[in-house]
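Have a look at input.txt below; it lists compact mmCIF, C-alpha atoms.
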```txt
# COMPACT_ATOMS: atom_id res chain seq x y z
CA MET A 1 9.80 12.24 33.04
CA ASP A 2 6.20 12.37 34.39
CA LYS A 3 5.85 16.00 33.19
CA ARG A 4 6.88 14.96 29.68
CA ILE A 5 4.31 12.17 29.55
CA GLY A 6 1.63 14.52 30.90
CA ALA A 7 2.48 17.17 28.30
CA THR A 8 2.30 14.57 25.53
CA VAL A 9 -1.06 13.28 26.72
CA VAL A 10 -2.51 16.82 26.91
CA ALA A 11 -1.18 17.75 23.46
CA LEU A 12 -2.56 14.58 21.88
CA ALA A 13 -5.94 14.98 23.61
CA VAL A 14 -6.29 18.54 22.31
CA TRP A 15 -5.24 17.43 18.85
CA LEU A 16 -7.67 14.49 18.78
CA GLY A 17 -10.54 16.69 19.96
CA ALA A 18 -9.85 19.23 17.24
CA ALA A 19 -9.32 16.50 14.63
CA SER A 20 -12.85 15.22 15.10
CA GLN A 21 -14.16 18.68 14.18
CA ALA A 22 -11.72 18.97 11.28
CA ARG A 23 -13.37 16.17 9.29
CA ALA A 24 -15.59 18.75 7.61
CA GLN A 25 -12.64 20.51 5.99
CA GLY A 26 -12.25 20.38 2.23
CA ALA A 27 -10.12 17.60 0.83
CA ASP A 28 -7.16 18.99 -1.09
CA SER A 29 -5.59 16.02 -2.85
CA ALA A 30 -2.57 17.81 -4.38
CA PRO A 31 0.70 17.28 -2.48
CA ARG A 32 2.28 20.47 -1.16
CA PHE A 33 5.86 21.06 -0.11
CA SER A 34 7.44 23.63 2.16
CA ILE A 35 10.78 24.91 3.39
CA PHE A 36 11.17 26.56 6.78
CA GLY A 37 13.64 28.00 9.22
CA GLY A 38 13.48 29.09 12.80
CA THR A 39 14.91 28.71 16.23
CA LEU A 40 14.57 26.43 19.22
CA PHE A 41 12.75 27.75 22.27
CA ASP A 42 14.96 26.35 25.02
CA ALA A 43 13.87 26.18 28.64
CA ALA A 44 15.50 22.85 29.50
CA HIS A 45 19.14 23.90 29.31
CA SER A 46 18.89 27.30 30.96
CA THR A 47 18.41 27.49 34.71
CA ALA A 48 18.34 31.28 35.04
CA THR A 49 16.19 32.36 32.08
CA VAL A 50 14.17 31.05 29.19
CA ARG A 51 15.94 31.98 25.97
CA LEU A 52 15.97 31.56 22.23
CA THR A 53 18.95 29.68 20.84
CA ASN A 54 20.42 29.03 17.45
CA VAL A 55 18.83 28.02 14.14
CA GLU A 56 16.77 25.21 12.62
CA PHE A 57 15.97 24.58 8.94
CA GLY A 58 14.17 21.87 7.02
CA GLY A 59 11.48 20.84 4.62
CA SER A 60 8.16 19.03 4.64
CA GLY A 61 5.65 17.47 2.30
CA ASP A 62 1.87 17.33 2.80
CA PHE A 63 -0.14 14.47 1.30
CA ARG A 64 -3.44 12.65 1.78
CA LEU A 65 -4.31 8.98 2.09
CA SER A 66 -7.66 7.70 0.91
CA GLY A 67 -9.80 6.68 3.86
CA PHE A 68 -7.98 9.00 6.31
CA PRO A 69 -9.77 12.33 6.81
CA LEU A 70 -6.77 14.52 7.68
CA THR A 71 -3.76 15.72 5.74
CA LEU A 72 -0.45 14.05 6.68
CA ARG A 73 2.84 15.94 6.84
CA SER A 74 6.28 14.36 6.70
CA THR A 75 9.03 16.67 8.01
CA LEU A 76 12.83 16.49 7.95
CA ALA A 77 14.65 19.14 10.00
CA PHE A 78 18.21 19.92 11.09
CA ARG A 79 19.53 22.27 13.75
CA GLN A 80 22.79 23.26 15.34
CA GLU A 81 22.71 24.39 18.95
CA GLU A 82 25.38 25.95 21.09
CA SER A 83 25.03 26.28 24.83
CA ASP A 84 26.93 27.65 27.80
CA TRP A 85 27.75 24.10 28.90
CA THR A 86 29.03 22.74 25.55
CA VAL A 87 32.50 23.08 24.06
CA THR A 88 31.46 21.95 20.57
CA PRO A 89 28.00 22.54 19.02
CA MET A 90 25.25 19.93 19.20
CA LYS A 91 23.86 18.97 15.78
CA PHE A 92 20.31 17.58 15.71
CA GLY A 93 18.28 15.85 13.02
CA THR A 94 14.56 15.00 13.25
CA LEU A 95 12.14 13.07 11.06
CA SER A 96 8.42 13.15 11.88
CA LEU A 97 4.99 12.28 10.51
CA ASP A 98 2.05 14.43 11.66
CA ALA A 99 -1.66 14.64 11.02
CA ILE A 100 -2.89 18.17 10.32
CA GLY A 101 -6.35 19.34 11.43
CA LYS A 102 -7.98 22.66 10.59
CA PRO A 103 -10.78 23.02 13.16
CA VAL A 104 -11.75 26.63 12.36
CA PRO A 105 -12.53 28.25 9.00
CA ARG A 106 -10.12 30.59 7.23
CA LEU A 107 -10.55 34.19 8.41
CA PHE A 108 -9.05 37.22 6.64
CA GLY A 109 -6.72 34.93 4.69
CA ALA A 110 -5.36 33.26 7.86
CA GLN A 111 -5.95 29.58 8.74
CA LEU A 112 -5.23 28.09 12.16
CA TYR A 113 -4.12 24.44 12.13
CA LEU A 114 -3.22 21.85 14.74
CA LEU A 115 -0.71 19.06 14.26
CA GLY A 116 0.26 15.94 16.13
CA GLY A 117 2.27 12.85 15.43
CA LEU A 118 5.38 10.80 16.06
CA GLY A 119 9.01 10.95 15.01
CA VAL A 120 12.63 10.11 15.67
CA ALA A 121 15.49 12.44 16.53
CA THR A 122 19.23 12.17 16.90
CA HIS A 123 22.11 14.39 17.94
CA SER A 124 25.73 13.95 17.01
CA ASP A 125 28.43 13.42 19.60
CA TYR A 126 29.74 16.62 21.21
CA ARG A 127 31.97 17.80 24.05
CA ALA A 128 30.37 19.21 27.19
CA MET A 129 31.92 20.87 30.19
CA ASP A 130 31.42 20.53 33.92
CA ILE A 131 32.35 23.46 36.16
CA VAL A 132 33.26 22.86 39.80
CA ASN A 133 33.13 26.11 41.77
CA GLY A 134 35.73 26.38 44.47
CA GLU A 135 39.22 27.67 45.02
CA PRO A 136 40.31 27.42 42.27
CA THR A 137 37.35 26.94 39.91
CA LEU A 138 37.87 23.76 37.88
CA VAL A 139 36.54 23.05 34.39
CA PHE A 140 36.34 19.49 33.10
CA THR A 141 35.26 18.43 29.61
CA HIS A 142 33.80 15.09 28.60
CA SER A 143 32.52 13.50 25.42
CA VAL A 144 28.77 12.91 25.03
CA PRO A 145 28.08 10.11 22.49
CA ARG A 146 25.46 10.17 19.73
CA GLU A 147 21.94 9.68 21.04
CA THR A 148 18.76 8.70 19.18
CA TRP A 149 15.24 8.77 20.59
CA ALA A 150 11.57 8.59 19.62
CA PHE A 151 9.20 11.47 20.34
CA GLY A 152 5.56 12.40 20.28
CA GLU A 153 4.68 15.90 19.22
CA GLY A 154 1.82 18.32 19.19
CA GLY A 155 1.64 21.89 18.06
CA LEU A 156 -0.16 24.62 16.24
CA GLY A 157 0.43 26.85 13.28
CA LEU A 158 -1.03 29.73 11.34
CA GLU A 159 -1.13 29.82 7.54
CA LEU A 160 -0.94 33.39 6.25
CA GLY A 161 -2.41 33.42 2.77
CA ARG A 162 -1.66 30.34 0.70
CA HIS A 163 2.14 30.30 0.96
CA LEU A 164 3.44 31.62 4.31
CA PHE A 165 3.12 29.94 7.70
CA VAL A 166 4.31 30.19 11.29
CA GLN A 167 4.26 27.15 13.56
CA THR A 168 5.48 25.84 16.88
CA LYS A 169 5.41 22.34 18.29
CA MET A 170 6.50 20.50 21.40
CA MET A 171 8.54 17.34 20.79
CA VAL A 172 8.48 15.14 23.91
CA PRO A 173 10.54 11.92 24.19
CA VAL A 174 8.34 8.81 24.32
CA ALA A 175 9.61 5.52 25.80
CA SER A 176 13.18 6.79 25.41
CA GLN A 177 15.66 9.30 26.80
CA GLY A 178 16.27 12.60 25.05
CA PRO A 179 15.67 16.31 25.45
CA MET A 180 12.27 17.94 25.02
CA LEU A 181 12.49 20.26 22.00
CA MET A 182 10.21 23.15 21.06
CA PRO A 183 11.04 24.62 17.64
CA ILE A 184 9.42 27.82 16.34
CA SER A 185 9.46 28.06 12.52
CA VAL A 186 8.55 30.44 9.72
CA GLY A 187 8.15 28.87 6.29
CA PHE A 188 7.11 29.09 2.68
CA ARG A 189 4.75 26.55 1.16
CA PHE A 190 4.60 25.85 -2.59
```

Go ahead and express the file in the form of structure tokens.
Amino acid sequence: MDKRIGATVVALAVWLGAASQARAQGADSAPRFSIFGGTLFDAAHSTATVRLTNVEFGGSGDFRLSGFPLTLRSTLAFRQEESDWTVTPMKFGTLSLDAIGKPVPRLFGAQLYLLGGLGVATHSDYRAMDIVNGEPTLVFTHSVPRETWAFGEGGLGLELGRHLFVQTKMMVPVASQGPMLMPISVGFRF
């Protein structure tokens, strides 16, 4: 739990430092929407290797508030994840609100951006298995109930031209129990 809090503090400190430089960016007042898809970089559920698992999809909307210097992004995402230790797939849903900072100018049509914010996540109930090695090897299954948690997130992305982007973020549970998620997405903005 201490590693999660430390990772959240570092991500938010980097984001806040970059956000102070991002105040000089141009103010685009038109709302923009995007759709994206990707996968979940999963190190928490794999003891032997770090691996990519399953698929995520969702949409987001960017907007500005008067008096706040950064663009805000509201994101709704869904994913289904299967693992070696589950019998039925886990289905996740997340809703987040992030501030977007662009600390460096656009170069060769590419724009780096940083994001940070808060959100809520949930996963549906699923069946997991426990394996007891011995003679004979025993496999038990049990039901894991629905779980909902709050998270803080920080991440970075790269806009390619005006419409394509690639982004990753770390979603760390805050004042609640839940897994740390790290989605990697490719999207189209319109």

Task: Phe36 of chain A surroundings by only C-alpha atoms, 6 Å radius, close-in-sequence under 6 positions cut, as a PyMOL selection string - done: chain A and resi 57-58+186-187

Could you list, as a PDB file with C-alpha atoms, in the coordinates of the input, every residue within 10 Å of Asn54 of chain A, counting all atoms listed in the file and ignoring same-chain residues fewer than 5 positions away?
```
ATOM      1  CA  GLY A  38      13.480  29.090  12.800  1.00  0.00           C
ATOM      2  CA  THR A  39      14.910  28.710  16.230  1.00  0.00           C
ATOM      3  CA  LEU A  40      14.570  26.430  19.220  1.00  0.00           C
ATOM      4  CA  PHE A  41      12.750  27.750  22.270  1.00  0.00           C
ATOM      5  CA  ASP A  42      14.960  26.350  25.020  1.00  0.00           C
ATOM      6  CA  ARG A  79      19.530  22.270  13.750  1.00  0.00           C
ATOM      7  CA  GLN A  80      22.790  23.260  15.340  1.00  0.00           C
ATOM      8  CA  GLU A  81      22.710  24.390  18.950  1.00  0.00           C
ATOM      9  CA  GLU A  82      25.380  25.950  21.090  1.00  0.00           C
ATOM     10  CA  SER A  83      25.030  26.280  24.830  1.00  0.00           C
TER      11      SER A  83
END
```

Task: Residue among A:Thr94, A:Gly154, A:Ser185, A:Lys169 lying closest to Val55 of chain A, counting only C-alpha atoms - done: A:Ser185

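For the choices A:Val174, A:Met90, A:Leu115, A:Leu107, the atom-to-atom distance to Arg146 of chain A is smallest for A:Met90 when using only C-alpha atoms.
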
Open item on the list: Can you measure atom CA of Thr88 of chain A to atom CA of Leu181 of chain A for me? One decimal in Å is fine.
Closed with: 19.1 Å

Open item on the list: For a quick check of understanding, using only C-alpha atoms, which of A:Val172, A:Pro31, A:Trp85, A:Val166 has the smallest distance to Ile184 of chain A?
Closed with: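 Looking only at the distances to Ile184 of chain A, the closest residue turns out to be A:Val166.
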
TODO: Quick one: pull the distance between atom CA of Leu114 of chain A and atom CA of Phe33 of chain A, Å, one decimal.
DONE: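 Atom-to-atom, atom CA of Leu114 of chain A and atom CA of Phe33 of chain A are spaced 17.4 Å apart.
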
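Going from atom CA of Arg127 of chain A to atom CA of Phe92 of chain A covers 14.3 Å.
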
Open item on the list: Please list, as JSON, numbers by chain, the residues that have an atom at most 8 Å away from (15.3, 23.7, 6.1) in the coordinates of this file, counting all atoms listed in the file.
Closed with: {"A": [35, 36, 37, 56, 57, 58, 59, 76, 77, 78]}

Open item on the list: Taking 3 positions as the minimum chain separation for residues in the same chain, which residues sit within 12 Å of Phe151 of chain A when counting all atoms listed in the file? Answer as number ranges by chain.
Closed with: A: 4-5, 7-8, 94-98, 116-122, 148, 154, 169-182

Excluding Arg106 of chain A and any residue of its chain fewer than 5 positions from it, enumerate the residues within 12 Å of it, using all atoms listed in the file, and give them as an mmCIF file with C-alpha atoms, keeping the file's coordinate frame.
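File produced: part.cif:
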```
data_model
loop_
_atom_site.group_PDB
_atom_site.id
_atom_site.type_symbol
_atom_site.label_atom_id
_atom_site.label_comp_id
_atom_site.auth_asym_id
_atom_site.auth_seq_id
_atom_site.Cartn_x
_atom_site.Cartn_y
_atom_site.Cartn_z
ATOM 1 C CA GLN A 25 -12.640 20.510 5.990
ATOM 2 C CA GLY A 26 -12.250 20.380 2.230
ATOM 3 C CA GLN A 111 -5.950 29.580 8.740
ATOM 4 C CA LEU A 112 -5.230 28.090 12.160
ATOM 5 C CA TYR A 113 -4.120 24.440 12.130
ATOM 6 C CA LEU A 158 -1.030 29.730 11.340
ATOM 7 C CA GLU A 159 -1.130 29.820 7.540
ATOM 8 C CA LEU A 160 -0.940 33.390 6.250
ATOM 9 C CA GLY A 161 -2.410 33.420 2.770
ATOM 10 C CA ARG A 162 -1.660 30.340 0.700
#
```

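Each of A:Gly109, A:Ala99, A:Pro89, A:Val104 was checked against Glu153 of chain A using only C-alpha atoms; the smallest atom-to-atom distance is that of A:Ala99.
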
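Minimum atom-to-atom distances from A:Thr71, A:Thr168, A:Thr86, A:Ser124 to Lys102 of chain A were compared using all atoms listed in the file, and the lowest value belongs to A:Thr71.
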